[in-house]
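*Asks:* Enclosed is the structure file data_34.csv (CSV, C-alpha atoms and all ligand atoms).
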```
chain,number,residue,atom,x,y,z
T,26,LEU,CA,102.4,124.9,88.9
T,27,LYS,CA,101.5,121.2,88.8
T,28,ILE,CA,98.8,119.9,91.1
T,29,ALA,CA,97.3,116.6,92.0
T,30,PHE,CA,93.8,116.2,93.5
T,31,PHE,CA,92.7,112.9,95.1
T,32,GLY,CA,89.0,112.1,94.8
T,33,ASP,CA,87.2,111.4,98.2
T,34,ILE,CA,89.5,109.4,100.4
T,35,VAL,CA,87.4,106.6,102.0
T,36,GLY,CA,88.6,105.1,105.3
T,37,LYS,CA,91.8,103.3,106.0
T,38,PRO,CA,92.3,101.8,102.5
T,39,GLY,CA,91.9,105.3,101.0
T,40,ARG,CA,94.4,106.8,103.5
T,41,ARG,CA,96.9,104.0,102.8
T,42,ALA,CA,96.5,104.5,99.0
T,43,ALA,CA,97.0,108.2,99.2
T,44,ALA,CA,100.1,107.8,101.5
T,45,ALA,CA,101.6,105.2,99.1
T,46,LEU,CA,100.9,107.3,96.0
T,47,VAL,CA,102.0,110.8,97.0
T,48,PRO,CA,105.8,110.1,96.6
T,49,ARG,CA,105.1,108.6,93.2
T,50,LEU,CA,103.1,111.6,92.1
T,51,ARG,CA,105.8,114.0,93.2
T,52,GLU,CA,108.5,111.9,91.5
T,53,GLU,CA,106.8,110.8,88.3
T,54,TYR,CA,104.5,113.7,87.6
T,55,LYS,CA,106.6,116.4,89.2
T,56,ILE,CA,103.7,117.6,91.4
T,57,HIS,CA,104.2,120.7,93.5
T,58,LEU,CA,100.9,120.7,95.4
T,59,VAL,CA,98.8,117.7,96.5
T,60,PHE,CA,95.1,118.1,97.4
T,61,ALA,CA,92.5,115.6,98.6
T,62,ASN,CA,88.9,115.6,99.6
T,63,VAL,CA,88.8,114.0,103.1
T,64,GLU,CA,85.1,114.1,104.0
T,65,ASN,CA,85.1,110.2,104.3
T,66,ALA,CA,88.7,109.8,105.7
T,67,ALA,CA,87.8,108.5,109.2
T,68,GLY,CA,85.9,105.1,108.9
T,69,GLY,CA,84.1,106.5,105.8
T,70,PHE,CA,82.3,109.2,107.7
T,71,GLY,CA,83.9,112.5,108.6
T,72,VAL,CA,87.4,113.1,110.0
T,73,ASN,CA,89.2,113.1,113.4
T,74,GLU,CA,92.6,114.5,114.5
T,75,LYS,CA,94.4,111.2,113.9
T,76,THR,CA,93.3,110.8,110.3
T,77,ILE,CA,94.0,114.4,109.4
T,78,LYS,CA,97.5,114.3,110.9
T,79,GLU,CA,98.2,111.0,109.2
T,80,LEU,CA,97.2,112.4,105.8
T,81,LYS,CA,99.2,115.6,106.3
T,82,ALA,CA,102.3,113.6,107.3
T,83,ALA,CA,101.7,111.5,104.1
T,84,GLY,CA,102.2,114.6,102.1
T,85,ILE,CA,98.6,115.9,101.4
T,86,ASP,CA,99.2,119.6,101.4
T,87,PHE,CA,95.7,120.9,101.4
T,88,MET,CA,92.3,119.2,102.2
T,89,THR,CA,88.8,119.9,101.2
T,90,SER,CA,85.6,118.2,102.3
T,91,GLY,CA,81.8,118.1,102.0
T,92,ASN,CA,78.5,117.0,103.6
T,93,HIS,CA,80.1,114.2,105.6
T,94,ILE,CA,82.6,116.6,107.3
T,95,TRP,CA,80.2,117.0,110.2
T,96,ASP,CA,79.8,113.2,110.9
T,97,LYS,CA,82.3,112.9,113.7
T,98,LYS,CA,82.0,115.4,116.6
T,99,GLU,CA,85.7,115.0,117.5
T,100,GLY,CA,86.6,116.1,114.0
T,101,LEU,CA,85.1,119.5,114.3
T,102,GLU,CA,87.9,121.0,116.4
T,103,ILE,CA,90.6,120.4,113.8
T,104,LEU,CA,88.5,122.4,111.3
T,105,ASP,CA,89.3,125.5,113.4
T,106,SER,CA,92.8,124.7,114.4
T,107,ALA,CA,94.3,123.4,111.1
T,108,GLY,CA,94.8,126.0,108.4
T,109,PHE,CA,95.1,123.4,105.6
T,110,ILE,CA,91.6,122.0,105.7
T,111,VAL,CA,88.3,123.6,104.5
T,112,ARG,CA,84.6,122.7,104.6
T,113,PRO,CA,81.8,123.9,102.3
T,114,ALA,CA,81.6,127.7,102.5
T,115,ASN,CA,77.9,128.0,101.9
T,116,PHE,CA,76.5,126.4,105.1
T,117,PRO,CA,74.1,128.7,106.9
T,118,GLY,CA,74.7,129.9,110.5
T,119,PHE,CA,78.2,130.0,111.9
T,120,PRO,CA,79.7,126.5,111.2
T,121,PRO,CA,83.1,125.6,112.6
T,122,GLY,CA,86.1,125.9,110.3
T,123,ARG,CA,86.7,127.9,107.2
T,124,GLY,CA,85.1,127.8,103.7
T,125,TYR,CA,88.3,128.8,102.0
T,126,GLY,CA,92.0,128.9,102.7
T,127,PHE,CA,95.5,129.3,101.1
T,128,ALA,CA,98.1,126.8,100.2
T,129,GLU,CA,101.6,128.2,100.3
T,130,THR,CA,103.8,127.4,97.3
T,131,ASP,CA,107.0,128.7,95.6
T,132,PHE,CA,104.7,130.4,93.2
T,133,GLY,CA,102.9,132.3,96.0
T,134,PRO,CA,99.7,131.5,97.8
T,135,VAL,CA,97.0,129.4,96.0
T,136,GLY,CA,93.4,130.0,97.1
T,137,VAL,CA,91.2,127.0,97.7
T,138,LEU,CA,87.4,127.4,98.0
T,139,ASN,CA,85.0,124.6,99.0
T,140,LEU,CA,81.4,124.8,98.0
T,141,GLN,CA,78.5,122.3,98.2
T,142,GLY,CA,75.6,121.8,95.8
T,143,ARG,CA,71.9,121.9,96.5
T,144,VAL,CA,70.4,119.6,93.9
T,145,PHE,CA,69.4,116.2,95.5
T,146,MET,CA,71.1,117.4,98.7
T,147,PRO,CA,69.9,119.3,101.8
T,148,PRO,CA,69.1,122.9,100.8
T,149,ILE,CA,71.9,125.2,102.1
T,150,ASP,CA,72.8,128.7,101.0
T,151,CYS,CA,73.3,129.3,97.2
T,152,PRO,CA,76.7,128.1,96.1
T,153,PHE,CA,76.6,130.3,93.0
T,154,SER,CA,76.2,133.6,94.9
T,155,ALA,CA,78.6,132.4,97.6
T,156,ALA,CA,81.2,131.7,94.9
T,157,GLY,CA,80.9,135.2,93.5
T,158,LYS,CA,81.4,136.9,96.8
T,159,LEU,CA,84.2,134.6,98.2
T,160,ILE,CA,86.2,134.6,94.9
T,161,ALA,CA,86.2,138.4,95.1
T,162,ASP,CA,87.8,138.1,98.6
T,163,LEU,CA,90.3,135.4,97.4
T,164,GLU,CA,91.3,137.5,94.4
T,165,ARG,CA,92.8,140.2,96.6
T,166,LYS,CA,95.4,137.7,98.0
T,167,CYS,CA,96.1,135.3,95.1
T,168,LYS,CA,96.0,134.8,91.4
T,169,ILE,CA,95.5,131.0,91.3
T,170,ILE,CA,92.2,129.8,92.8
T,171,ILE,CA,91.0,126.2,93.0
T,172,VAL,CA,87.4,125.3,93.7
T,173,ASP,CA,86.1,121.9,95.0
T,174,PHE,CA,82.4,121.9,94.2
T,175,HIS,CA,81.0,119.0,96.3
T,176,GLY,CA,77.7,118.0,94.7
T,177,GLU,CA,75.4,115.2,93.6
T,178,ALA,CA,74.0,116.5,90.3
T,179,THR,CA,76.2,116.6,87.2
T,180,SER,CA,74.1,119.5,85.8
T,181,GLU,CA,74.7,121.7,88.8
T,182,LYS,CA,78.4,121.0,88.7
T,183,ILE,CA,78.7,121.7,85.0
T,184,ALA,CA,76.7,124.9,85.5
T,185,MET,CA,79.2,126.0,88.2
T,186,GLY,CA,82.1,125.3,85.8
T,187,TRP,CA,80.6,127.7,83.3
T,188,HIS,CA,79.7,130.2,86.1
T,189,LEU,CA,83.4,130.3,87.2
T,190,ASP,CA,85.1,130.0,83.8
T,191,GLY,CA,87.7,132.6,83.5
T,192,ARG,CA,87.4,133.6,87.2
T,193,VAL,CA,89.3,130.6,88.8
T,194,SER,CA,92.0,128.3,87.6
T,195,LEU,CA,90.3,125.0,88.3
T,196,VAL,CA,86.9,123.6,89.3
T,197,VAL,CA,86.9,120.0,90.5
T,198,GLY,CA,83.7,118.1,91.4
T,199,THR,CA,83.6,115.7,94.3
T,200,HIS,CA,81.0,113.7,96.3
T,201,THR,CA,79.7,111.0,93.9
T,202,HIS,CA,82.9,108.8,94.3
T,203,VAL,CA,82.6,108.0,90.5
T,204,PRO,CA,85.0,109.5,88.1
T,205,THR,CA,83.3,111.2,85.2
T,206,SER,CA,86.4,111.6,83.1
T,207,ASP,CA,85.0,114.6,81.4
T,208,GLN,CA,87.9,116.8,82.3
T,209,ARG,CA,88.5,119.7,79.9
T,210,ILE,CA,89.7,123.3,79.8
T,211,LEU,CA,86.8,125.7,79.3
T,212,PRO,CA,87.2,128.7,76.9
T,213,GLY,CA,88.1,131.1,79.6
T,214,GLY,CA,91.0,128.9,80.8
T,215,THR,CA,89.3,127.2,83.7
T,216,GLY,CA,90.1,123.5,84.1
T,217,TYR,CA,87.0,121.5,84.9
T,218,VAL,CA,85.9,118.0,85.8
T,219,THR,CA,82.4,117.0,87.0
T,220,ASP,CA,83.7,114.4,89.5
T,221,ILE,CA,87.3,113.3,90.3
T,222,GLY,CA,86.1,109.9,91.7
T,223,MET,CA,87.3,108.1,94.8
T,224,THR,CA,90.4,106.9,96.7
T,225,GLY,CA,89.3,103.7,98.3
T,226,SER,CA,88.0,100.2,97.7
T,227,TYR,CA,86.4,99.5,94.4
T,228,ASP,CA,85.1,96.1,95.7
T,229,SER,CA,82.3,98.1,97.3
T,230,VAL,CA,79.5,100.5,96.8
T,231,LEU,CA,81.2,103.9,96.8
T,232,GLY,CA,83.8,102.6,99.3
T,233,VAL,CA,81.3,101.0,101.7
T,234,GLU,CA,81.2,97.2,102.2
T,235,LYS,CA,78.8,96.1,99.4
T,236,LYS,CA,76.8,93.4,101.3
T,237,ALA,CA,75.6,96.0,103.8
T,238,VAL,CA,74.6,98.5,101.1
T,239,LEU,CA,72.7,95.7,99.2
T,240,GLN,CA,71.0,94.8,102.4
T,241,ARG,CA,69.9,98.4,102.9
T,242,PHE,CA,68.4,98.5,99.3
T,243,LEU,CA,66.8,95.1,99.7
T,244,THR,CA,65.2,95.7,103.0
T,245,MET,CA,65.0,99.5,103.3
T,246,ARG,CA,65.9,99.1,107.0
T,247,PRO,CA,68.9,100.8,108.7
T,248,VAL,CA,72.2,98.8,108.3
T,249,ARG,CA,75.6,99.5,109.7
T,250,PHE,CA,78.0,100.7,107.0
T,251,ASP,CA,81.7,99.7,107.3
T,252,THR,CA,84.5,100.6,104.9
T,253,ALA,CA,85.3,98.0,102.3
T,254,ALA,CA,88.9,96.8,101.8
T,255,GLY,CA,89.5,95.1,98.4
T,256,ASP,CA,90.6,96.4,95.0
T,257,VAL,CA,91.9,99.7,96.3
T,258,ARG,CA,92.3,102.4,93.6
T,259,ALA,CA,92.9,106.2,93.6
T,260,ASP,CA,91.2,108.5,91.1
T,261,ILE,CA,93.4,111.5,90.7
T,262,ILE,CA,93.2,114.7,88.7
T,263,ILE,CA,96.5,116.0,87.5
T,264,GLY,CA,96.5,119.7,86.5
T,265,GLU,CA,99.1,122.1,85.1
T,266,ILE,CA,98.4,125.8,85.8
T,267,ASP,CA,100.3,128.6,84.2
T,268,GLU,CA,101.5,130.8,87.0
T,269,LYS,CA,101.4,134.0,85.0
T,270,SER,CA,97.9,133.7,83.5
T,271,ALA,CA,96.5,131.5,86.2
T,272,LYS,CA,94.9,129.4,83.5
T,273,THR,CA,94.9,125.7,83.3
T,274,VAL,CA,97.0,124.4,80.4
T,275,LYS,CA,96.7,120.7,80.9
T,276,LEU,CA,94.3,118.4,82.8
T,277,GLU,CA,94.1,114.7,83.0
T,278,HIS,CA,92.4,112.0,85.1
T,279,ILE,CA,94.4,109.0,86.2
T,280,GLN,CA,93.4,105.9,88.2
T,281,LEU,CA,96.2,104.2,90.1
T,282,LYS,CA,95.7,100.8,91.6
T,283,ILE,CA,97.1,99.8,95.0
T,284,GLU,CA,98.1,96.1,95.6
T,285,ASP,CA,95.9,94.5,98.4
I,301,FE,FE,82.5,111.5,99.7
I,302,FE,FE,79.9,114.0,100.0
```
Would you mind writing the file's structure down as structure tokens?
Ligand SMILES: [Fe+2]
Ligand SMILES: [Fe+2]

*Replies:*
Amino acid sequence: LKIAFFGDIVGKPGRRAAAALVPRLREEYKIHLVFANVENAAGGFGVNEKTIKELKAAGIDFMTSGNHIWDKKEGLEILDSAGFIVRPANFPGFPPGRGYGFAETDFGPVGVLNLQGRVFMPPIDCPFSAAGKLIADLERKCKIIIVDFHGEATSEKIAMGWHLDGRVSLVVGTHTHVPTSDQRILPGGTGYVTDIGMTGSYDSVLGVEKKAVLQRFLTMRPVRFDTAAGDVRADIIIGEIDEKSAKTVKLEHIQLKIED
């Protein structure tokens, strides 16, 4: 099973890049299943029905998210209605949507679990204990499990990689929008990368118009953040998973550039 996973898609440039690249990935890399983190898909903050439908039509099979998924009220409904999008599973209370789901493939269902870190982020339920419990649920229905661990701290994400080594096929980190390029296969056969990176404008600060972010740091006053547009690139993780053992056998990071 060959999969591709796009780092956080930021705004319209990110959505355009993903749409342009999906056919190329399927053709050139023979990808069966395309994933993307979409927490920043609508104007950089959250999602709405239009952006999710647009990405689905562009060929993104399954979508994960993170802390920004709650940013647009109108985006919460689609979390309940669409079976192909998940939000972090370890939020307290009874949040809309699902923390895990299944992507249908010719190789059977692939489980997808979304978790969020707690280091340098708002303290939510423990992602490590949530992972243990939810993976036990997922294992009853599928062999191949892919985890998007959405977090700020590299240490917390690497620790999660070790925690899940041998229990899931792949752990990808998201949220920082910066590719760590430390992809490797852990001894138990779990593919791991600390952060995939970003799908969006690199002429920016993490996809946001750079003058506004600079203004924020220089004045420490609230500033309106708009999505940047230039130098659009996509950070993508390409993984090959053996269907029989559910182990990752090949993992690489690529960065593809989109013409402005
Ligand atoms: Fe993000
Ligand atoms: Fe995030």

*Asks:* Within 10 Å of ligand FE 301 (chain I), which residues show up when you count all atoms listed in the file? List them as a list in words, please.

*Replies:*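 Here is the list of contacting residues: Gly32, Asp33, Ile34, Val35, Asn62, Val63, Glu64, Asn65, Ala66, Gly69, Phe70, Gly71, Ser90, Gly91, Asn92, His93, Ile94, His175, Gly176, Thr199, His200, Thr201, His202, Val203, Gly222, Met223, Thr224, Leu231 and Gly232 of chain T.
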
*Asks:* Residues within 6 Å of (77.6, 96.6, 106.5), file coordinates, counting only C-alpha atoms: what are they? Give the list as a list in words.

*Replies:*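 Looking at atoms near the point gives Glu234, Ala237, Arg249, Phe250 and Asp251 of chain T.
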
*Asks:* Measure the distance from CA of Lys166 in chain T to CA of Arg51 in chain T in Å and round it to one decimal.

*Replies:*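 Calculated distance between CA of Lys166 in chain T and CA of Arg51 in chain T is 26.3 Å.
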
*Asks:* Would you kindly return, as a ChimeraX atom specification, each protein, DNA or RNA residue with an atom no farther than 6 Å from any atom of range 125-135 of chain T, considering only C-alpha atoms and excluding same-chain residues fewer than 2 positions away?

*Replies:* /T:111,123,137-138,167,169-170

*Asks:* Could you check the closest approach to ligand FE 302 (chain I) for each of T:Asp207, T:Glu177, T:Asp267, T:Asp105 and tell me which residue wins, using all atoms listed in the file?

*Replies:*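 Checking each candidate against ligand FE 302 (chain I), we get T:Glu177 as the closest.
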
*Asks:* Quick one: pull the distance between CA of Ala254 in chain T and CA of Asp86 in chain T, Å, one decimal.

*Replies:* 25.0 Å

*Asks:* Residues within 9 Å of Gly198 in chain T, please, as a CSV table (one decimal) with C-alpha atoms, in the coordinates of the input. Count only C-alpha atoms; anything in the same chain fewer than 6 positions from it doesn't count.

*Replies:*
```csv
chain,number,residue,atom,x,y,z
T,32,GLY,CA,89.0,112.1,94.8
T,172,VAL,CA,87.4,125.3,93.7
T,173,ASP,CA,86.1,121.9,95.0
T,174,PHE,CA,82.4,121.9,94.2
T,175,HIS,CA,81.0,119.0,96.3
T,176,GLY,CA,77.7,118.0,94.7
T,179,THR,CA,76.2,116.6,87.2
T,182,LYS,CA,78.4,121.0,88.7
T,183,ILE,CA,78.7,121.7,85.0
T,217,TYR,CA,87.0,121.5,84.9
T,218,VAL,CA,85.9,118.0,85.8
T,219,THR,CA,82.4,117.0,87.0
T,220,ASP,CA,83.7,114.4,89.5
T,221,ILE,CA,87.3,113.3,90.3
T,222,GLY,CA,86.1,109.9,91.7
```
